$ cat start26.cif   # mmCIF, N, CA and C atoms
data_target
#
loop_
_atom_site.group_PDB
_atom_site.id
_atom_site.type_symbol
_atom_site.label_atom_id
_atom_site.label_comp_id
_atom_site.auth_asym_id
_atom_site.auth_seq_id
_atom_site.Cartn_x
_atom_site.Cartn_y
_atom_site.Cartn_z
ATOM 1 N N MET A 1 86.217 88.487 94.361
ATOM 2 C CA MET A 1 86.202 89.792 94.985
ATOM 3 C C MET A 1 86.847 90.812 94.043
ATOM 4 N N LEU A 2 86.327 92.005 94.124
ATOM 5 C CA LEU A 2 86.862 93.129 93.370
ATOM 6 C C LEU A 2 87.390 94.133 94.381
ATOM 7 N N LEU A 3 88.623 94.559 94.217
ATOM 8 C CA LEU A 3 89.256 95.525 95.096
ATOM 9 C C LEU A 3 89.429 96.816 94.321
ATOM 10 N N TYR A 4 89.054 97.941 94.930
ATOM 11 C CA TYR A 4 89.184 99.215 94.230
ATOM 12 C C TYR A 4 89.541 100.330 95.212
ATOM 13 N N ALA A 5 90.177 101.375 94.695
ATOM 14 C CA ALA A 5 90.522 102.554 95.486
ATOM 15 C C ALA A 5 89.403 103.574 95.316
ATOM 16 N N THR A 6 89.047 104.239 96.407
ATOM 17 C CA THR A 6 88.032 105.285 96.383
ATOM 18 C C THR A 6 88.419 106.328 97.420
ATOM 19 N N GLU A 7 87.551 107.283 97.668
ATOM 20 C CA GLU A 7 87.848 108.357 98.599
ATOM 21 C C GLU A 7 86.739 108.487 99.630
ATOM 22 N N LEU A 8 87.128 108.774 100.864
ATOM 23 C CA LEU A 8 86.183 108.988 101.955
ATOM 24 C C LEU A 8 86.682 110.171 102.767
ATOM 25 N N ARG A 9 85.882 111.235 102.822
ATOM 26 C CA ARG A 9 86.256 112.451 103.547
ATOM 27 C C ARG A 9 87.637 112.965 103.136
ATOM 28 N N GLY A 10 87.909 112.921 101.836
ATOM 29 C CA GLY A 10 89.157 113.446 101.306
ATOM 30 C C GLY A 10 90.367 112.551 101.469
ATOM 31 N N ARG A 11 90.172 111.338 101.953
ATOM 32 C CA ARG A 11 91.276 110.400 102.176
ATOM 33 C C ARG A 11 91.104 109.181 101.276
ATOM 34 N N GLY A 12 92.173 108.733 100.641
ATOM 35 C CA GLY A 12 92.124 107.552 99.786
ATOM 36 C C GLY A 12 91.988 106.290 100.623
ATOM 37 N N ILE A 13 91.063 105.408 100.249
ATOM 38 C CA ILE A 13 90.840 104.148 100.957
ATOM 39 C C ILE A 13 90.681 103.015 99.947
ATOM 40 N N LEU A 14 90.737 101.775 100.432
ATOM 41 C CA LEU A 14 90.458 100.602 99.608
ATOM 42 C C LEU A 14 89.165 99.965 100.067
ATOM 43 N N GLU A 15 88.369 99.494 99.118
ATOM 44 C CA GLU A 15 87.155 98.749 99.418
ATOM 45 C C GLU A 15 87.135 97.492 98.566
ATOM 46 N N ALA A 16 86.434 96.478 99.056
ATOM 47 C CA ALA A 16 86.278 95.218 98.328
ATOM 48 C C ALA A 16 84.802 94.878 98.273
ATOM 49 N N ILE A 17 84.390 94.241 97.175
ATOM 50 C CA ILE A 17 83.004 93.818 97.005
ATOM 51 C C ILE A 17 82.998 92.532 96.178
ATOM 52 N N ALA A 18 82.013 91.693 96.400
ATOM 53 C CA ALA A 18 81.880 90.470 95.608
ATOM 54 C C ALA A 18 81.574 90.845 94.156
ATOM 55 N N VAL A 19 82.146 90.107 93.228
ATOM 56 C CA VAL A 19 81.957 90.396 91.805
ATOM 57 C C VAL A 19 80.485 90.365 91.425
ATOM 58 N N ASP A 20 79.713 89.482 92.054
ATOM 59 C CA ASP A 20 78.290 89.389 91.715
ATOM 60 C C ASP A 20 77.436 90.401 92.474
ATOM 61 N N GLY A 21 78.072 91.264 93.285
ATOM 62 C CA GLY A 21 77.337 92.302 94.006
ATOM 63 C C GLY A 21 76.504 91.795 95.171
ATOM 64 N N SER A 22 76.782 90.576 95.636
ATOM 65 C CA SER A 22 75.951 89.962 96.671
ATOM 66 C C SER A 22 76.201 90.515 98.075
ATOM 67 N N ASN A 23 77.189 91.374 98.239
ATOM 68 C CA ASN A 23 77.412 91.976 99.553
ATOM 69 C C ASN A 23 77.665 93.468 99.413
ATOM 70 N N SER A 24 77.621 94.178 100.529
ATOM 71 C CA SER A 24 77.936 95.606 100.538
ATOM 72 C C SER A 24 79.446 95.776 100.476
ATOM 73 N N PRO A 25 79.906 96.909 99.965
ATOM 74 C CA PRO A 25 81.352 97.139 99.957
ATOM 75 C C PRO A 25 81.933 97.060 101.372
ATOM 76 N N GLN A 26 83.082 96.416 101.487
ATOM 77 C CA GLN A 26 83.778 96.290 102.767
ATOM 78 C C GLN A 26 85.041 97.142 102.717
ATOM 79 N N ARG A 27 85.188 98.048 103.663
ATOM 80 C CA ARG A 27 86.354 98.916 103.718
ATOM 81 C C ARG A 27 87.525 98.154 104.325
ATOM 82 N N LEU A 28 88.683 98.216 103.680
ATOM 83 C CA LEU A 28 89.891 97.587 104.206
ATOM 84 C C LEU A 28 90.608 98.587 105.096
ATOM 85 N N ARG A 29 90.969 98.142 106.278
ATOM 86 C CA ARG A 29 91.588 99.034 107.246
ATOM 87 C C ARG A 29 93.012 99.389 106.837
ATOM 88 N N VAL A 30 93.326 100.656 106.968
ATOM 89 C CA VAL A 30 94.668 101.171 106.754
ATOM 90 C C VAL A 30 95.020 101.961 108.002
ATOM 91 N N LEU A 31 96.117 101.609 108.644
ATOM 92 C CA LEU A 31 96.468 102.244 109.912
ATOM 93 C C LEU A 31 96.928 103.690 109.746
ATOM 94 N N SER A 32 97.600 103.987 108.655
ATOM 95 C CA SER A 32 98.033 105.361 108.423
ATOM 96 C C SER A 32 98.263 105.562 106.941
ATOM 97 N N GLY A 33 98.368 106.799 106.543
ATOM 98 C CA GLY A 33 98.656 107.108 105.151
ATOM 99 C C GLY A 33 97.401 107.252 104.319
ATOM 100 N N ASP A 34 97.627 107.336 103.022
ATOM 101 C CA ASP A 34 96.568 107.578 102.063
ATOM 102 C C ASP A 34 96.727 106.581 100.921
ATOM 103 N N VAL A 35 95.679 105.881 100.562
ATOM 104 C CA VAL A 35 95.725 104.862 99.518
ATOM 105 C C VAL A 35 95.305 105.476 98.191
ATOM 106 N N ARG A 36 96.046 105.194 97.148
ATOM 107 C CA ARG A 36 95.715 105.702 95.805
ATOM 108 C C ARG A 36 95.351 104.581 94.846
ATOM 109 N N GLU A 37 96.176 103.561 94.754
ATOM 110 C CA GLU A 37 95.926 102.457 93.834
ATOM 111 C C GLU A 37 96.378 101.155 94.482
ATOM 112 N N PRO A 38 95.550 100.118 94.423
ATOM 113 C CA PRO A 38 95.984 98.829 94.967
ATOM 114 C C PRO A 38 97.065 98.213 94.069
ATOM 115 N N ALA A 39 97.957 97.472 94.673
ATOM 116 C CA ALA A 39 98.994 96.741 93.923
ATOM 117 C C ALA A 39 99.055 95.333 94.467
ATOM 118 N N TRP A 40 99.144 94.354 93.592
ATOM 119 C CA TRP A 40 99.172 92.954 93.976
ATOM 120 C C TRP A 40 100.598 92.449 94.017
ATOM 121 N N SER A 41 100.853 91.521 94.896
ATOM 122 C CA SER A 41 102.148 90.853 94.921
ATOM 123 C C SER A 41 101.890 89.366 95.138
ATOM 124 N N PRO A 42 102.858 88.524 94.827
ATOM 125 C CA PRO A 42 102.658 87.079 94.992
ATOM 126 C C PRO A 42 102.406 86.721 96.465
ATOM 127 N N TYR A 43 101.533 85.768 96.687
ATOM 128 C CA TYR A 43 101.252 85.265 98.031
ATOM 129 C C TYR A 43 102.310 84.242 98.387
ATOM 130 N N ARG A 44 102.875 84.374 99.546
ATOM 131 C CA ARG A 44 103.894 83.409 99.986
ATOM 132 C C ARG A 44 103.429 82.771 101.279
ATOM 133 N N SER A 45 103.460 81.441 101.326
ATOM 134 C CA SER A 45 103.000 80.725 102.503
ATOM 135 C C SER A 45 104.163 80.157 103.314
ATOM 136 N N GLN A 46 105.347 80.700 103.159
ATOM 137 C CA GLN A 46 106.539 80.173 103.845
ATOM 138 C C GLN A 46 106.625 80.704 105.251
#
$ encode --input "start26.cif" --output "structure tokens"
Amino acid sequence: MLLYATELRGRGILEAIAVDGSNSPQRLRVLSGDVREPAWSPYRSQ
């Protein structure tokens, strides 16, 4: 999956799409605020 920041109606959002382009972009829900750049952190299963 590829995650990228984009804009919709003047608001920053995140979308994800399969690297091979086999699906349509999926918008990731954000409850409030404005998204500019995705940031990764380690996954913890504790």
$ resolve_selection --input "start26.cif" --expression "the PyMOL selection byres ((chain A and resi 17-33) around 6.5)" --output "count of residues only"
10
$ atom_distance --input "start26.cif" --atom1 "CA of Glu7 (chain A)" --atom2 "atom C of Arg36 (chain A)"
9.2 Å
$ select_by_dssp --input "start26.cif" --residues "chain A" --states "strand (DSSP E)" --output "list in words"
Leu2, Leu3, Tyr4, Ala5, Thr6, Glu7, Leu8, Arg11, Gly12, Ile13, Leu14, Glu15, Ala16, Ile17, Gln26, Arg27 and Leu28 of chain A
$ atom_distance --input "start26.cif" --atom1 "atom N of Arg11 (chain A)" --atom2 "atom N of Pro42 (chain A)"
27.1 Å
$ axis_aligned_box --input "start26.cif" --around "region 11-21 of chain A" --padding-each-side "5 Å" --output "JSON"
{"center_x": 84.3, "center_y": 100.4, "center_z": 96.8, "size_x": 25.7, "size_y": 31.9, "size_z": 20.8}
$ atom_distance --input "start26.cif" --atom1 "CA of Ala5 (chain A)" --atom2 "atom C of Ser41 (chain A)"
17.4 Å
$ decode --input "start26.cif" --residues "region 7-26 of chain A" --atoms "N, CA and C atoms" --output "PDB file, in the first residue's frame"
ATOM      1  N   GLU A   7      -5.492  16.849  -0.941  1.00  0.00           N
ATOM      2  CA  GLU A   7      -6.442  17.851  -0.494  1.00  0.00           C
ATOM      3  C   GLU A   7      -7.816  17.581  -1.085  1.00  0.00           C
ATOM      4  N   LEU A   8      -8.846  17.815  -0.284  1.00  0.00           N
ATOM      5  CA  LEU A   8     -10.231  17.660  -0.720  1.00  0.00           C
ATOM      6  C   LEU A   8     -11.020  18.831  -0.161  1.00  0.00           C
ATOM      7  N   ARG A   9     -11.586  19.646  -1.050  1.00  0.00           N
ATOM      8  CA  ARG A   9     -12.350  20.828  -0.644  1.00  0.00           C
ATOM      9  C   ARG A   9     -11.567  21.716   0.324  1.00  0.00           C
ATOM     10  N   GLY A  10     -10.280  21.889   0.042  1.00  0.00           N
ATOM     11  CA  GLY A  10      -9.442  22.768   0.841  1.00  0.00           C
ATOM     12  C   GLY A  10      -8.954  22.193   2.154  1.00  0.00           C
ATOM     13  N   ARG A  11      -9.217  20.923   2.404  1.00  0.00           N
ATOM     14  CA  ARG A  11      -8.816  20.274   3.655  1.00  0.00           C
ATOM     15  C   ARG A  11      -7.817  19.161   3.359  1.00  0.00           C
ATOM     16  N   GLY A  12      -6.751  19.071   4.136  1.00  0.00           N
ATOM     17  CA  GLY A  12      -5.756  18.020   3.961  1.00  0.00           C
ATOM     18  C   GLY A  12      -6.306  16.678   4.417  1.00  0.00           C
ATOM     19  N   ILE A  13      -6.133  15.640   3.601  1.00  0.00           N
ATOM     20  CA  ILE A  13      -6.600  14.293   3.927  1.00  0.00           C
ATOM     21  C   ILE A  13      -5.514  13.277   3.581  1.00  0.00           C
ATOM     22  N   LEU A  14      -5.680  12.045   4.060  1.00  0.00           N
ATOM     23  CA  LEU A  14      -4.799  10.940   3.690  1.00  0.00           C
ATOM     24  C   LEU A  14      -5.567   9.951   2.843  1.00  0.00           C
ATOM     25  N   GLU A  15      -4.910   9.405   1.830  1.00  0.00           N
ATOM     26  CA  GLU A  15      -5.483   8.349   1.007  1.00  0.00           C
ATOM     27  C   GLU A  15      -4.463   7.232   0.873  1.00  0.00           C
ATOM     28  N   ALA A  16      -4.961   6.026   0.637  1.00  0.00           N
ATOM     29  CA  ALA A  16      -4.104   4.857   0.432  1.00  0.00           C
ATOM     30  C   ALA A  16      -4.536   4.166  -0.844  1.00  0.00           C
ATOM     31  N   ILE A  17      -3.566   3.573  -1.545  1.00  0.00           N
ATOM     32  CA  ILE A  17      -3.844   2.837  -2.774  1.00  0.00           C
ATOM     33  C   ILE A  17      -2.835   1.693  -2.880  1.00  0.00           C
ATOM     34  N   ALA A  18      -3.233   0.613  -3.513  1.00  0.00           N
ATOM     35  CA  ALA A  18      -2.316  -0.507  -3.729  1.00  0.00           C
ATOM     36  C   ALA A  18      -1.194  -0.059  -4.667  1.00  0.00           C
ATOM     37  N   VAL A  19       0.011  -0.520  -4.401  1.00  0.00           N
ATOM     38  CA  VAL A  19       1.169  -0.129  -5.207  1.00  0.00           C
ATOM     39  C   VAL A  19       0.970  -0.487  -6.671  1.00  0.00           C
ATOM     40  N   ASP A  20       0.292  -1.600  -6.939  1.00  0.00           N
ATOM     41  CA  ASP A  20       0.087  -2.011  -8.331  1.00  0.00           C
ATOM     42  C   ASP A  20      -1.127  -1.338  -8.969  1.00  0.00           C
ATOM     43  N   GLY A  21      -1.799  -0.440  -8.230  1.00  0.00           N
ATOM     44  CA  GLY A  21      -2.937   0.291  -8.783  1.00  0.00           C
ATOM     45  C   GLY A  21      -4.199  -0.537  -8.954  1.00  0.00           C
ATOM     46  N   SER A  22      -4.268  -1.691  -8.289  1.00  0.00           N
ATOM     47  CA  SER A  22      -5.390  -2.607  -8.492  1.00  0.00           C
ATOM     48  C   SER A  22      -6.679  -2.171  -7.795  1.00  0.00           C
ATOM     49  N   ASN A  23      -6.634  -1.115  -7.005  1.00  0.00           N
ATOM     50  CA  ASN A  23      -7.862  -0.628  -6.379  1.00  0.00           C
ATOM     51  C   ASN A  23      -7.945   0.885  -6.487  1.00  0.00           C
ATOM     52  N   SER A  24      -9.116   1.431  -6.201  1.00  0.00           N
ATOM     53  CA  SER A  24      -9.298   2.882  -6.180  1.00  0.00           C
ATOM     54  C   SER A  24      -8.713   3.432  -4.889  1.00  0.00           C
ATOM     55  N   PRO A  25      -8.310   4.694  -4.899  1.00  0.00           N
ATOM     56  CA  PRO A  25      -7.809   5.280  -3.654  1.00  0.00           C
ATOM     57  C   PRO A  25      -8.857   5.191  -2.539  1.00  0.00           C
ATOM     58  N   GLN A  26      -8.400   4.849  -1.347  1.00  0.00           N
ATOM     59  CA  GLN A  26      -9.273   4.758  -0.176  1.00  0.00           C
ATOM     60  C   GLN A  26      -8.930   5.900   0.772  1.00  0.00           C
TER      61      GLN A  26
END
